[in-house]
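**Q** What follows is a single structure, and I will ask about it in a moment.
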Amino acid sequence: MRLRRAARVILVGAPGVGKGTQSERLLSRFPQLSAISSGDLLRYNVKSRTPLGIKVEQTMKTGGLVPDDMILRLITNELGRRGWLSGSPPSLVTMASAASADITPADLSMPRVDMDPNAGASLSRQASEDPSASFLLDGFPRTAVQAERLDSIVPINWVVSLQTPFDVVMERISSRWVHEASGRVYNTTFNAPKVPGRDDITGEPLVQRVDDSEEVYRRRFQKFKETSEPLLEHYAKKGVLWEVHGLSSDEISPKLFKEFEARFS
């Protein structure tokens with residue numbers, strides 16, 4: 001289905017609510033919608049040894065949290081790479097300085113690590129309306145403070161709050177089993193393995209993740225509530241928040257598609 005205007009979307013949901021499933025389904029149904037994941041950008045830059053990636057790796061190795069400035073820089077750089085920003089400052093790295101500093105050509109597309117990602121960069125007028133500049137942003141923002149920082153660069157125009165009762169999610173998570181080597185996930189309530197406790201393909205034992213225990217999940221859920229409530233309030237004030245309720249991903253998806261199409265198709 002074709003979009004008639006640009007969609008800049010964030011999905012917000014508690015761990016285990018099915019945010020990843022809904023993201024995949026939206027991306028599959030609407031080809032003009034692309035994914036921008038802060039986690040993927042972090043891993044790519046670390047692997048590619050870009051100046052920013054090296055800085056991020058140093059932070060992660062010492063057990064520190066990657067600062068908001070770095071995440072914003074990754075996102076603005078990705079938007080700039082796609083040609084969706086205007087007014088962003090030029091990189092101070094040149095071919096000459098790159099040669100003397102052993103910086104690869106790929107690094108030239110990265111902003112200097114000491115540059116302010118907010119210094120004049122914003123979504124271009126063309127990208128703000130062009131359906132092909134539609135994206136689903138994953139992993140950021142997670143707090144109201146981060147959302148405020150993002151607003152000045154990229155005005156998000158739809159935030160979806162996925163709502164499933166706590167007890168339903170808890171049951172779903174406690175029934176989840178994983179094949180560690182491949183990452184295949186099973187659920188004894190709706191996607192059970194053919195042989196209980198065994199992977200369908202290899203026959204190897206399945207395990208439950210440590211963070212799938214009720215005690216751990218309750219802590220994660222409480223932390224999510226503490227950070228997400230101000231975040232959702234921020235977007236509610238901007239008039240872009242929409243809530244959808246359901247007991248399963250299959251119940252939520254049709255509602256999500258219908259609303260998305262009404263807004264952007």
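By convention here, the chains of the structure tokens are called A, B, ... in the order presented, each chain's residues are numbered starting at 1, and ligands are numbered starting at 1 in the order presented.
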Any idea what's packed within 10 Å of stretch 197-206 of chain A, counting only C-alpha atoms, ignoring anything in its chain fewer than 3 positions away? Could you give it as a PyMOL selection string?
**A** chain A and resi 176-182+184-186+188+192-194+209
**Q** Can you pull out the residues contacting stretch 252-256 of chain A? Cut-off 9 Å, using only C-alpha atoms, and skip same-chain residues under 5 positions away; I want them as a PyMOL selection string.
**A** chain A and resi 22+25-26+160+162-163+244-247+261
**Q** Counting only C-alpha atoms, what is within 6 Å of stretch 121-127 of chain A, bar same-chain residues fewer than 3 positions away, as number ranges by chain?
**A** A: 84-88, 118, 130, 133, 153-154
**Q** I'd like a table as a tab-separated table: residues in stretch 1-33 of chain A with an atom no more than 9 Å from stretch 227-239 of chain A, each row giving the shortest atom pair and its distance in Å to one decimal, only C-alpha atoms counted, sorted by chain and rising residue number.
**A**
```
residue	atom	partner	partner_atom	distance
A:Val12	CA	A:Ser228	CA	7.8
A:Gly13	CA	A:Ser228	CA	8.4
A:Ala14	CA	A:Ser228	CA	8.7
```
**Q** Nearest residue to A:Ser174 out of A:Val210, A:Val46, A:Ile54, A:Val159, using only C-alpha atoms?
**A**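 Looking at the shortest contact to A:Ser174, the residue is A:Val210.
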**Q** My list of candidates is A:Asn45, A:Ser152, A:Thr50, A:Ser265. Which is closest to A:Gln32 when distances are computed with only C-alpha atoms?
**A**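 Of all the options, A:Ser265 lies closest to A:Gln32.
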**Q** Could you state the separation of atom CA of A:Ile71 and atom CA of A:Val56 in Å, given to one decimal place?
**A** 9.4 Å
**Q** Of the residues A:Phe224, A:Ala262, A:Thr76, A:Asp138, which is the one nearest to A:Ser37, using only C-alpha atoms?
**A**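 Nearest to A:Ser37: A:Asp138.
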**Q** Would you please extract all strand (DSSP E or B) residues from stretch 19-235 of chain A, as assigned by DSSP on the backbone, and give them as a ChimeraX atom specification?
**A** /A:33-37,85-86,122-123,134-138,158-163,176-179,184-187,191,198,205,207
**Q** May I have all residues of stretch 54-260 of chain A that DSSP, computed from the backbone, assigns to helix (DSSP H, G or I), given as a ChimeraX atom specification?
**A** /A:54-61,68-81,95-100,105-109,125-129,131-133,144-151,166-174,210-212,214-237,249-260
**Q** Between A:Phe166, A:Tyr44, A:Phe221, A:Phe264, which has the minimum distance to A:Ser248 (counting only C-alpha atoms)?
**A** A:Phe166
**Q** Dump as CSV the rows for residues of stretch 8-45 of chain A within 12 Å of stretch 64-70 of chain A: closest atom pair and distance in Å with one decimal, only C-alpha atoms counted, ordered by chain and rising residue number.
**A**
```
residue,atom,partner,partner_atom,distance
A:Ser38,CA,A:Met70,CA,10.1
A:Gly39,CA,A:Val66,CA,10.7
A:Leu41,CA,A:Met70,CA,10.7
A:Leu42,CA,A:Met70,CA,9.2
A:Asn45,CA,A:Met70,CA,11.2
```
**Q** Can you spit out the residues from that selection as an mmCIF file, in the first residue's frame, using all heavy atoms?
**A**
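Contents of again_33.cif, freshly written:
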```cif
data_model
loop_
_atom_site.group_PDB
_atom_site.id
_atom_site.type_symbol
_atom_site.label_atom_id
_atom_site.label_comp_id
_atom_site.auth_asym_id
_atom_site.auth_seq_id
_atom_site.Cartn_x
_atom_site.Cartn_y
_atom_site.Cartn_z
ATOM 1 N N SER A 38 18.502 2.538 16.559
ATOM 2 C CA SER A 38 19.685 3.084 17.218
ATOM 3 C C SER A 38 20.664 1.963 17.577
ATOM 4 O O SER A 38 21.880 2.140 17.488
ATOM 5 C CB SER A 38 19.285 3.875 18.469
ATOM 6 O OG SER A 38 18.603 3.056 19.402
ATOM 7 N N GLY A 39 20.130 0.787 17.944
ATOM 8 C CA GLY A 39 20.999 -0.341 18.262
ATOM 9 C C GLY A 39 21.789 -0.814 17.057
ATOM 10 O O GLY A 39 22.994 -1.074 17.145
ATOM 11 N N LEU A 41 22.551 0.995 14.417
ATOM 12 C CA LEU A 41 23.517 2.043 14.073
ATOM 13 C C LEU A 41 24.736 1.976 14.987
ATOM 14 O O LEU A 41 25.874 2.151 14.527
ATOM 15 C CB LEU A 41 22.858 3.420 14.177
ATOM 16 C CG LEU A 41 21.782 3.741 13.136
ATOM 17 C CD1 LEU A 41 21.133 5.093 13.445
ATOM 18 C CD2 LEU A 41 22.353 3.757 11.716
ATOM 19 N N LEU A 42 24.505 1.710 16.262
ATOM 20 C CA LEU A 42 25.625 1.564 17.190
ATOM 21 C C LEU A 42 26.533 0.413 16.771
ATOM 22 O O LEU A 42 27.751 0.572 16.668
ATOM 23 C CB LEU A 42 25.096 1.313 18.609
ATOM 24 C CG LEU A 42 24.618 2.513 19.419
ATOM 25 C CD1 LEU A 42 23.905 2.047 20.673
ATOM 26 C CD2 LEU A 42 25.779 3.416 19.784
ATOM 27 N N ASN A 45 28.514 1.138 13.470
ATOM 28 C CA ASN A 45 29.614 2.082 13.624
ATOM 29 C C ASN A 45 30.771 1.499 14.413
ATOM 30 O O ASN A 45 31.934 1.782 14.122
ATOM 31 C CB ASN A 45 29.107 3.371 14.271
ATOM 32 C CG ASN A 45 28.437 4.295 13.268
ATOM 33 O OD1 ASN A 45 29.074 5.149 12.672
ATOM 34 N ND2 ASN A 45 27.144 4.114 13.065
#
```
**Q** Between atom CA of A:Gly80 and atom CA of A:Phe257, what is the distance in Å, rounded to a tenth?
**A** 28.7 Å
**Q** How many Å lie between atom CA of A:Gly16 and atom CA of A:Ile173, rounded to one decimal?
**A**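 Atom CA of A:Ile173 lies 6.5 Å from atom CA of A:Gly16.
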**Q** Point out the residue among A:Thr62, A:Ser249, A:Asn191, A:Ser132 with the least atom-to-atom distance to A:Pro31, counting only C-alpha atoms.
**A**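 Smallest separation from A:Pro31 among the options: A:Ser132.
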